[in-house]
file target.pdb (PDB, C-alpha atoms)
ATOM      1  CA  MET A   1       0.000   0.000   0.000
ATOM      2  CA  LEU A   2       1.232   3.464  -0.812
ATOM      3  CA  PHE A   3      -0.309   5.012   2.304
ATOM      4  CA  ARG A   4      -1.226   3.603   5.696
ATOM      5  CA  ASN A   5      -4.660   5.187   5.416
ATOM      6  CA  GLY A   6      -6.520   7.956   3.647
ATOM      7  CA  ASN A   7      -5.361  10.551   6.136
ATOM      8  CA  ASP A   8      -1.738   9.790   5.309
ATOM      9  CA  PHE A   9      -2.248  11.051   1.759
ATOM     10  CA  LEU A  10      -4.120  14.126   3.000
ATOM     11  CA  ARG A  11      -1.328  15.006   5.421
ATOM     12  CA  LYS A  12       1.259  14.700   2.675
ATOM     13  CA  PHE A  13      -0.839  16.732   0.242
ATOM     14  CA  PHE A  14      -1.342  19.430   2.881
ATOM     15  CA  THR A  15       2.408  19.633   3.507
ATOM     16  CA  VAL A  16       3.124  19.908  -0.223
ATOM     17  CA  SER A  17       0.519  22.651  -0.549
ATOM     18  CA  LEU A  18       2.395  24.663   2.077
ATOM     19  CA  PHE A  19       5.592  24.365   0.076
ATOM     20  CA  LEU A  20       3.843  25.472  -3.098
ATOM     21  CA  THR A  21       1.945  28.432  -1.678
ATOM     22  CA  GLU A  22       3.134  31.576  -3.409
ATOM     23  CA  GLY A  23       4.186  34.403  -1.145
ATOM     24  CA  THR A  24       4.550  32.418   2.081
ATOM     25  CA  SER A  25       7.713  33.954   3.494
ATOM     26  CA  ALA A  26       8.415  31.089   5.870
ATOM     27  CA  PHE A  27       8.780  28.799   2.868
ATOM     28  CA  SER A  28      10.633  31.166   0.575
ATOM     29  CA  GLY A  29      12.540  29.483  -2.184
ATOM     30  CA  CYS A  30       9.939  26.763  -2.746
ATOM     31  CA  PRO A  31       8.702  26.124  -6.294
ATOM     32  CA  HIS A  32       5.435  27.628  -7.485
ATOM     33  CA  SER A  33       2.601  25.168  -8.086
ATOM     34  CA  ARG A  34       3.117  25.497 -11.856
ATOM     35  CA  HIS A  35       6.392  23.669 -11.352
ATOM     36  CA  PHE A  36       4.843  20.639  -9.690
ATOM     37  CA  ASP A  37       7.804  18.424 -10.586
ATOM     38  CA  HIS A  38       8.764  14.792 -10.190
ATOM     39  CA  ARG A  39      10.089  15.333  -6.672
ATOM     40  CA  VAL A  40       6.633  16.271  -5.410
ATOM     41  CA  MET A  41       5.018  13.394  -7.297
ATOM     42  CA  SER A  42       7.560  10.998  -5.824
ATOM     43  CA  PHE A  43       6.771  12.350  -2.367
ATOM     44  CA  LEU A  44       3.013  11.867  -2.814
ATOM     45  CA  PHE A  45       3.182   8.576  -4.719
ATOM     46  CA  PRO A  46       6.327   6.677  -3.666
ATOM     47  CA  MET A  47       7.264   3.591  -5.639
ATOM     48  CA  GLU A  48       8.372   0.555  -3.679
ATOM     49  CA  SER A  49      11.952   1.150  -4.831
ATOM     50  CA  GLN A  50      11.801   4.639  -3.328
ATOM     51  CA  LEU A  51      10.735   3.443   0.109
ATOM     52  CA  VAL A  52      14.319   3.271   1.367
ATOM     53  CA  LYS A  53      16.038   5.011   4.234
ATOM     54  CA  SER A  54      17.698   8.255   3.312
ATOM     55  CA  PRO A  55      21.035   9.194   4.909
ATOM     56  CA  LEU A  56      20.797  11.043   8.205
ATOM     57  CA  LYS A  57      21.047  14.753   7.413
ATOM     58  CA  GLY A  58      21.843  17.225  10.159
ATOM     59  CA  GLN A  59      20.468  17.464  13.672
ATOM     60  CA  LEU A  60      16.750  17.359  14.331
ATOM     61  CA  LEU A  61      17.332  19.004  17.717
ATOM     62  CA  LYS A  62      20.277  20.821  19.201
ATOM     63  CA  TRP A  63      20.860  19.134  22.543
ATOM     64  CA  ILE A  64      23.699  19.003  25.028
ATOM     65  CA  GLY A  65      25.579  15.729  24.733
ATOM     66  CA  ASN A  66      24.479  15.233  21.116
ATOM     67  CA  LYS A  67      26.264  12.151  19.735
ATOM     68  CA  GLN A  68      25.588  12.661  16.029
ATOM     69  CA  LYS A  69      29.185  13.402  14.980
ATOM     70  CA  TYR A  70      30.458  10.088  16.326
ATOM     71  CA  ALA A  71      27.323   7.935  16.474
ATOM     72  CA  ASP A  72      28.775   5.676  13.781
ATOM     73  CA  THR A  73      31.804   5.014  15.989
ATOM     74  CA  ILE A  74      29.603   4.089  18.958
ATOM     75  CA  ILE A  75      27.421   1.852  16.797
ATOM     76  CA  SER A  76      30.477   0.022  15.453
ATOM     77  CA  TYR A  77      30.851  -1.546  18.913
ATOM     78  CA  PHE A  78      27.244  -2.752  19.106
ATOM     79  CA  PRO A  79      26.472  -6.481  18.685
ATOM     80  CA  LYS A  80      25.915  -7.461  15.062
ATOM     81  CA  LYS A  81      22.559  -9.012  15.891
ATOM     82  CA  ILE A  82      20.103  -7.031  18.007
ATOM     83  CA  LYS A  83      16.640  -8.356  18.792
ATOM     84  CA  THR A  84      15.214  -5.022  19.995
ATOM     85  CA  TYR A  85      17.194  -1.817  20.387
ATOM     86  CA  HIS A  86      16.356   0.365  23.407
ATOM     87  CA  GLU A  87      17.539   3.918  24.098
ATOM     88  CA  PRO A  88      16.128   5.105  27.459
ATOM     89  CA  PHE A  89      17.970   8.466  27.621
ATOM     90  CA  LEU A  90      16.901   9.603  24.161
ATOM     91  CA  GLY A  91      18.089  13.218  24.166
ATOM     92  CA  SER A  92      18.789  14.343  20.598
ATOM     93  CA  GLY A  93      17.932  10.903  19.186
ATOM     94  CA  ALA A  94      21.135  10.911  17.126
ATOM     95  CA  VAL A  95      22.196   7.345  17.905
ATOM     96  CA  ILE A  96      18.821   5.685  17.310
ATOM     97  CA  ALA A  97      18.398   7.627  14.052
ATOM     98  CA  THR A  98      21.913   6.785  12.854
ATOM     99  CA  LEU A  99      21.474   3.102  13.716
ATOM    100  CA  SER A 100      17.974   3.016  12.181
ATOM    101  CA  PRO A 101      17.173  -0.333  13.835
ATOM    102  CA  GLN A 102      14.812  -2.970  12.499
ATOM    103  CA  LYS A 103      12.994  -2.730  15.832
ATOM    104  CA  GLY A 104      13.694   0.130  18.201
ATOM    105  CA  ILE A 105      12.245   1.770  21.295
ATOM    106  CA  GLY A 106      13.318   5.285  22.223
ATOM    107  CA  SER A 107      12.281   6.723  25.561
ATOM    108  CA  ASP A 108      12.963   9.528  27.987
ATOM    109  CA  ILE A 109      11.559  10.833  31.251
ATOM    110  CA  PHE A 110      11.119  14.285  29.651
ATOM    111  CA  LYS A 111       7.635  14.314  28.104
ATOM    112  CA  PRO A 112       7.932  17.399  25.819
ATOM    113  CA  LEU A 113      11.008  15.803  24.254
ATOM    114  CA  ILE A 114       9.254  12.489  23.636
ATOM    115  CA  ASP A 115       6.248  14.322  22.191
ATOM    116  CA  ILE A 116       8.582  15.707  19.498
ATOM    117  CA  PHE A 117       9.711  12.215  18.519
ATOM    118  CA  GLN A 118       6.191  10.825  18.593
ATOM    119  CA  LYS A 119       5.162  13.532  16.131
ATOM    120  CA  LEU A 120       8.228  12.796  14.017
ATOM    121  CA  LYS A 121       7.152   9.165  13.735
ATOM    122  CA  SER A 122       3.366   9.471  13.483
ATOM    123  CA  ASN A 123       2.608  12.999  12.293
ATOM    124  CA  PRO A 124       5.665  14.718  10.785
ATOM    125  CA  ASP A 125       3.518  17.361   9.100
ATOM    126  CA  GLU A 126       2.394  18.616  12.508
ATOM    127  CA  LEU A 127       6.012  18.854  13.607
ATOM    128  CA  ILE A 128       6.834  20.890  10.500
ATOM    129  CA  LEU A 129       3.920  23.246  11.135
ATOM    130  CA  ASP A 130       4.883  23.613  14.811
ATOM    131  CA  TYR A 131       8.288  24.857  13.749
ATOM    132  CA  ALA A 132       6.912  27.088  10.981
ATOM    133  CA  ASP A 133       4.446  28.745  13.388
ATOM    134  CA  ASN A 134       7.182  29.836  15.766
ATOM    135  CA  TYR A 135       9.483  30.789  12.898
ATOM    136  CA  ALA A 136       6.708  33.117  11.689
ATOM    137  CA  LEU A 137       6.725  34.803  15.112
ATOM    138  CA  MET A 138      10.420  35.483  14.631
ATOM    139  CA  GLU A 139       9.746  37.088  11.255
ATOM    140  CA  LYS A 140       6.997  39.213  12.788
ATOM    141  CA  PHE A 141       8.693  40.391  16.001
ATOM    142  CA  GLY A 142      12.384  39.847  15.350
ATOM    143  CA  LYS A 143      14.515  36.992  16.616
ATOM    144  CA  GLU A 144      15.208  38.044  20.203
ATOM    145  CA  LYS A 145      11.693  39.255  21.030
ATOM    146  CA  ALA A 146      10.085  36.196  19.455
ATOM    147  CA  TYR A 147      12.508  33.943  21.326
ATOM    148  CA  GLU A 148      11.478  35.470  24.658
ATOM    149  CA  ILE A 149       7.793  35.083  23.753
ATOM    150  CA  ILE A 150       8.313  31.416  22.918
ATOM    151  CA  LYS A 151      10.461  30.809  26.006
ATOM    152  CA  SER A 152       7.800  32.383  28.236
ATOM    153  CA  SER A 153       5.141  30.239  26.581
ATOM    154  CA  TYR A 154       7.212  27.125  27.234
ATOM    155  CA  ASN A 155       7.918  27.996  30.867
ATOM    156  CA  LEU A 156       4.227  28.629  31.544
ATOM    157  CA  ASN A 157       3.280  25.302  29.984
ATOM    158  CA  PRO A 158       6.143  22.980  28.945
ATOM    159  CA  ASN A 159       5.288  21.641  25.492
ATOM    160  CA  SER A 160       6.916  20.054  22.466
ATOM    161  CA  LYS A 161       6.127  22.858  20.015
ATOM    162  CA  ASP A 162       8.023  25.526  21.927
ATOM    163  CA  LEU A 163      10.809  23.181  23.048
ATOM    164  CA  LEU A 164      11.480  22.268  19.419
ATOM    165  CA  PHE A 165      12.042  25.867  18.336
ATOM    166  CA  LEU A 166      13.963  26.806  21.484
ATOM    167  CA  SER A 167      16.348  23.893  21.011
ATOM    168  CA  ARG A 168      17.136  25.046  17.480
ATOM    169  CA  SER A 169      17.513  28.739  18.337
ATOM    170  CA  CYS A 170      18.969  28.932  21.866
ATOM    171  CA  TYR A 171      22.542  30.022  22.572
ATOM    172  CA  GLY A 172      25.056  27.303  21.736
ATOM    173  CA  GLY A 173      22.309  24.714  21.376
ATOM    174  CA  VAL A 174      22.501  24.194  25.154
ATOM    175  CA  VAL A 175      18.981  23.768  26.511
ATOM    176  CA  ARG A 176      19.438  24.195  30.260
ATOM    177  CA  PHE A 177      16.893  23.953  33.058
ATOM    178  CA  ARG A 178      16.892  25.536  36.515
ATOM    179  CA  LYS A 179      17.207  22.947  39.269
ATOM    180  CA  ALA A 180      14.511  24.413  41.527
ATOM    181  CA  ASP A 181      11.588  24.419  39.110
ATOM    182  CA  GLY A 182      12.687  23.208  35.659
ATOM    183  CA  TYR A 183      12.648  26.749  34.234
ATOM    184  CA  MET A 184      14.281  26.862  30.781
ATOM    185  CA  SER A 185      16.856  29.653  31.067
ATOM    186  CA  THR A 186      19.120  29.604  27.988
ATOM    187  CA  PRO A 187      19.233  32.973  26.159
ATOM    188  CA  CYS A 188      18.686  33.442  22.441
ATOM    189  CA  GLY A 189      21.494  32.304  20.168
ATOM    190  CA  ILE A 190      23.456  34.511  17.790
ATOM    191  CA  HIS A 191      22.820  32.257  14.785
ATOM    192  CA  ASN A 192      19.790  32.321  12.493
ATOM    193  CA  PRO A 193      17.494  29.322  13.023
ATOM    194  CA  LEU A 194      17.041  26.809  10.230
ATOM    195  CA  SER A 195      14.389  27.850   7.693
ATOM    196  CA  PRO A 196      11.076  25.935   7.789
ATOM    197  CA  LYS A 197      11.778  24.589   4.302
ATOM    198  CA  SER A 198      15.132  23.150   5.379
ATOM    199  CA  PHE A 199      13.651  21.877   8.631
ATOM    200  CA  ALA A 200      10.883  20.077   6.737
ATOM    201  CA  GLU A 201      13.445  18.313   4.568
ATOM    202  CA  ARG A 202      15.281  17.259   7.704
ATOM    203  CA  VAL A 203      12.098  15.948   9.320
ATOM    204  CA  TYR A 204      11.382  13.593   6.434
ATOM    205  CA  SER A 205      14.981  12.401   6.362
ATOM    206  CA  TRP A 206      14.801  11.590  10.068
ATOM    207  CA  ARG A 207      11.374  10.037   9.799
ATOM    208  CA  ASP A 208      12.741   7.505   7.304
ATOM    209  CA  ARG A 209      15.429   6.551   9.800
ATOM    210  CA  VAL A 210      13.030   5.889  12.694
ATOM    211  CA  ALA A 211      10.301   4.162  10.695
ATOM    212  CA  ASN A 212      10.689   0.980  12.756
ATOM    213  CA  CYS A 213      10.879   2.723  16.132
ATOM    214  CA  GLU A 214       8.354   3.612  18.799
ATOM    215  CA  PHE A 215       8.761   6.392  21.359
ATOM    216  CA  PHE A 216       7.553   6.429  24.959
ATOM    217  CA  ASN A 217       7.637   8.711  27.993
ATOM    218  CA  LEU A 218       9.240   6.274  30.450
ATOM    219  CA  ASP A 219      11.665   6.092  33.331
ATOM    220  CA  TYR A 220      14.791   4.178  32.334
ATOM    221  CA  LYS A 221      14.111   1.567  35.040
ATOM    222  CA  ASP A 222      10.917   0.522  33.256
ATOM    223  CA  VAL A 223      12.904   0.025  30.050
ATOM    224  CA  PHE A 224      15.433  -2.199  31.788
ATOM    225  CA  ASP A 225      12.665  -4.248  33.408
ATOM    226  CA  SER A 226      11.028  -4.954  30.038
ATOM    227  CA  ALA A 227      14.169  -5.754  28.009
ATOM    228  CA  GLU A 228      14.735  -9.360  26.939
ATOM    229  CA  ALA A 229      17.704 -11.583  26.131
ATOM    230  CA  ASN A 230      19.632 -10.450  23.021
ATOM    231  CA  ASP A 231      18.148  -6.955  23.211
ATOM    232  CA  LEU A 232      20.582  -4.042  23.318
ATOM    233  CA  ILE A 233      20.141  -1.075  25.629
ATOM    234  CA  TYR A 234      22.268   1.963  24.798
ATOM    235  CA  CYS A 235      22.478   4.420  27.690
ATOM    236  CA  ASP A 236      23.587   8.027  27.408
ATOM    237  CA  PRO A 237      22.620   9.357  30.863
ATOM    238  CA  PRO A 238      23.409  12.810  32.272
ATOM    239  CA  TYR A 239      27.149  13.086  32.802
ATOM    240  CA  LYS A 240      28.357  13.485  36.377
ATOM    241  CA  ASP A 241      30.839  16.244  35.645
ATOM    242  CA  SER A 242      28.953  18.551  33.305
ATOM    243  CA  GLN A 243      25.292  17.843  32.675
ATOM    244  CA  ALA A 244      23.435  18.729  35.879
ATOM    245  CA  ILE A 245      21.601  21.392  33.854
ATOM    246  CA  LEU A 246      19.683  18.734  31.901
ATOM    247  CA  TYR A 247      16.047  18.014  32.676
ATOM    248  CA  GLY A 248      15.879  15.252  35.308
ATOM    249  CA  ALA A 249      19.651  15.183  35.816
ATOM    250  CA  GLN A 250      19.512  16.552  39.351
ATOM    251  CA  SER A 251      17.792  13.433  40.725
ATOM    252  CA  PHE A 252      19.724  10.936  38.598
ATOM    253  CA  SER A 253      21.812   8.305  40.417
ATOM    254  CA  LEU A 254      24.546   6.465  38.534
ATOM    255  CA  ASN A 255      24.580   3.725  41.184
ATOM    256  CA  ASP A 256      20.873   3.073  40.596
ATOM    257  CA  LEU A 257      21.620   2.737  36.883
ATOM    258  CA  TYR A 258      24.376   0.224  37.652
ATOM    259  CA  ASP A 259      21.845  -1.873  39.592
ATOM    260  CA  SER A 260      19.489  -1.906  36.596
ATOM    261  CA  ILE A 261      22.356  -2.792  34.251
ATOM    262  CA  GLU A 262      23.489  -5.650  36.481
ATOM    263  CA  ASN A 263      19.995  -7.150  36.691
ATOM    264  CA  ALA A 264      19.404  -6.884  32.940
ATOM    265  CA  LYS A 265      22.810  -8.382  32.159
ATOM    266  CA  LEU A 266      21.889 -11.474  34.199
ATOM    267  CA  ARG A 267      18.882 -11.941  31.879
ATOM    268  CA  GLY A 268      21.050 -11.891  28.742
ATOM    269  CA  VAL A 269      20.474  -8.249  27.799
ATOM    270  CA  ASN A 270      23.455  -6.437  26.255
ATOM    271  CA  ILE A 271      24.130  -2.915  27.492
ATOM    272  CA  ALA A 272      26.355  -0.129  26.151
ATOM    273  CA  LEU A 273      26.922   2.918  28.350
ATOM    274  CA  SER A 274      28.401   6.280  27.352
ATOM    275  CA  ILE A 275      29.895   8.064  30.335
ATOM    276  CA  ASP A 276      32.483  10.678  31.358
ATOM    277  CA  GLY A 277      36.096  10.029  30.426
ATOM    278  CA  SER A 278      38.642  12.840  30.292
ATOM    279  CA  LYS A 279      38.457  16.588  29.696
ATOM    280  CA  LYS A 280      40.821  19.498  29.077
ATOM    281  CA  SER A 281      42.551  17.471  26.366
ATOM    282  CA  GLY A 282      43.295  14.613  28.758
ATOM    283  CA  SER A 283      44.613  16.631  31.704
ATOM    284  CA  LYS A 284      41.423  16.088  33.734
ATOM    285  CA  ILE A 285      40.289  12.494  34.275
ATOM    286  CA  ILE A 286      36.706  12.055  35.478
ATOM    287  CA  ASP A 287      36.800   9.404  38.196
ATOM    288  CA  ILE A 288      33.843   7.103  37.629
ATOM    289  CA  GLN A 289      33.626   3.957  39.752
ATOM    290  CA  TYR A 290      31.544   0.985  38.663
ATOM    291  CA  PRO A 291      31.062  -2.580  39.956
ATOM    292  CA  LYS A 292      33.945  -4.900  39.196
ATOM    293  CA  GLY A 293      33.244  -7.196  36.258
ATOM    294  CA  LEU A 294      30.135  -5.337  35.112
ATOM    295  CA  PHE A 295      31.806  -3.921  31.999
ATOM    296  CA  PRO A 296      34.440  -6.234  30.471
ATOM    297  CA  SER A 297      35.041  -3.787  27.599
ATOM    298  CA  GLU A 298      35.930  -0.088  27.799
ATOM    299  CA  ILE A 299      36.518   2.015  24.680
ATOM    300  CA  PRO A 300      37.662   5.666  24.600
ATOM    301  CA  ILE A 301      35.581   7.815  22.243
ATOM    302  CA  VAL A 302      37.109  11.171  21.269
ATOM    303  CA  ASN A 303      34.309  13.627  20.623
ATOM    304  CA  GLY A 304      36.169  16.878  20.048
ATOM    305  CA  ARG A 305      35.654  20.163  21.843
ATOM    306  CA  SER A 306      33.123  20.406  24.635
ATOM    307  CA  MET A 307      29.700  21.646  23.535
ATOM    308  CA  LEU A 308      29.117  23.084  27.007
ATOM    309  CA  LYS A 309      32.474  24.880  27.003
ATOM    310  CA  ARG A 310      31.621  26.449  23.644
ATOM    311  CA  PHE A 311      28.603  27.929  25.419
ATOM    312  CA  GLN A 312      30.523  28.998  28.545
ATOM    313  CA  MET A 313      33.629  30.334  26.749
ATOM    314  CA  ALA A 314      32.104  32.099  23.761
ATOM    315  CA  GLY A 315      34.738  33.865  21.683
ATOM    316  CA  GLN A 316      37.677  32.022  23.264
ATOM    317  CA  THR A 317      39.866  29.348  21.715
ATOM    318  CA  LEU A 318      39.141  25.795  22.849
ATOM    319  CA  GLU A 319      42.295  23.862  21.972
ATOM    320  CA  GLU A 320      42.595  22.759  25.609
ATOM    321  CA  GLU A 321      38.963  21.633  25.885
ATOM    322  CA  VAL A 322      38.957  18.371  23.903
ATOM    323  CA  VAL A 323      36.731  15.743  25.526
ATOM    324  CA  THR A 324      37.173  11.969  25.462
ATOM    325  CA  GLU A 325      34.265   9.875  26.694
ATOM    326  CA  ARG A 326      34.129   6.218  27.667
ATOM    327  CA  LEU A 327      31.932   3.580  26.078
ATOM    328  CA  LEU A 328      31.410   0.760  28.585
ATOM    329  CA  LEU A 329      30.080  -2.581  27.350
ATOM    330  CA  THR A 330      28.639  -5.494  29.322
ATOM    331  CA  TYR A 331      29.937  -7.842  26.622
ATOM    332  CA  LYS A 332      33.383  -8.558  25.202
ATOM    333  CA  ILE A 333      34.370  -7.287  21.763
TER     334      ILE A 333
END

call {"tool": "encode", "arguments": {"input": "target.pdb", "output": "structure tokens"}}
result
Amino acid sequence: MLFRNGNDFLRKFFTVSLFLTEGTSAFSGCPHSRHFDHRVMSFLFPMESQLVKSPLKGQLLKWIGNKQKYADTIISYFPKKIKTYHEPFLGSGAVIATLSPQKGIGSDIFKPLIDIFQKLKSNPDELILDYADNYALMEKFGKEKAYEIIKSSYNLNPNSKDLLFLSRSCYGGVVRFRKADGYMSTPCGIHNPLSPKSFAERVYSWRDRVANCEFFNLDYKDVFDSAEANDLIYCDPPYKDSQAILYGAQSFSLNDLYDSIENAKLRGVNIALSIDGSKKSGSKIIDIQYPKGLFPSEIPIVNGRSMLKRFQMAGQTLEEEVVTERLLLTYKI
């Protein structure tokens, strides 16, 4: 079947009509309806040979700890055969989208974040319109004023629509939350946010990659309890040394995570854990203790200059701020 149901075609047609509307500034650069070319027809009426995963293009969200630049390196250490892939600290979603598993479950305790990924999977057109609506505010009021309007809207009622735009337009891509009440406090960035046209293209690229995934608002402990033998759980929890500003990070316990990992490992579940390694180009080693024998394999992953330091040290050189993380595996490689 070309479409899951009749509404699938209508959603696609509605999205195309937005792109072809003459004079819509948010979608400037799109072809006029007279030039309804083969790309649009292929989008509306995909042939079976076209229903393939497109390469992952750019970040869907800007998020602290984003693994997109070296997701392929992390994935290269995963087991070759994975029954079900689980990612309970979803964050930017870069690893699950890069892996594009045959069966995947992405989850996070942060509901507005998961709502974004649920829209990506089930209603990408709504996600595109969410972004375009807030982009239009920026065109109307200017970037900084619109940003403050959107940030105030989010802080009054945390929601996926505002979080999406804030993540793509905040300073340094560092979405930070106040410990006391979860208030999103990052100021407006100096860069121009991605255009709605470019964002829409990115949404459909990402949607292809997560076609076989489901997304849930869950505590990581529930994910570990449900995992089965030969499943893989990839964990990218808040980092002890630098990520206390993340939503939910303040109450996170690494020792509790170790307990969940140990119990799941006994059931035949494979677990990969990204965690602090070294900072300041190796001169600062983050001391992380874990139960003896829990992780028989440890791999250093160099991920370049610290995203958080780019935010904190704007305008300064960062040659001394190279970060190396650790990938801990419950299985031998």

call {"tool": "resolve_selection", "arguments": {"input": "target.pdb", "expression": "the PyMOL selection byres ((chain A and resi 139-151) around 9)", "output": "list in words"}}
result
Ser25, Ala26, Asn134, Tyr135, Ala136, Leu137, Met138, Ser152, Ser153, Tyr154, Asn155, Leu156, Asp162, Leu163, Phe165, Leu166, Ser169, Cys170, Met184, Ser185, Thr186, Pro187, Cys188, Gly189, Asn192 and Pro193 of chain A

call {"tool": "residues_around", "arguments": {"input": "target.pdb", "residues": "Thr324 of chain A", "least_positions_apart": "2", "cutoff": "6 Å", "atoms": "only C-alpha atoms", "output": "list in words"}}
result
Gly277, Ser278, Ile301, Val302 and Asn303 of chain A

call {"tool": "closest_residue", "arguments": {"input": "target.pdb", "among": "A:Thr330, A:Asn157, A:Asn270, A:Ser92", "to": "Lys292 of chain A", "atoms": "all atoms listed in the file"}}
result
A:Thr330

call {"tool": "resolve_selection", "arguments": {"input": "target.pdb", "expression": "the PyMOL selection byres ((chain A and resi 62) around 10)", "output": "MDAnalysis selection string"}}
result
chainID A and resid 58:61 63:66 91:92 164:170 172:175

call {"tool": "closest_residue", "arguments": {"input": "target.pdb", "among": "A:Ala264, A:Leu56, A:Leu113, A:Gly104", "to": "Glu201 of chain A", "atoms": "only C-alpha atoms"}}
result
A:Leu56
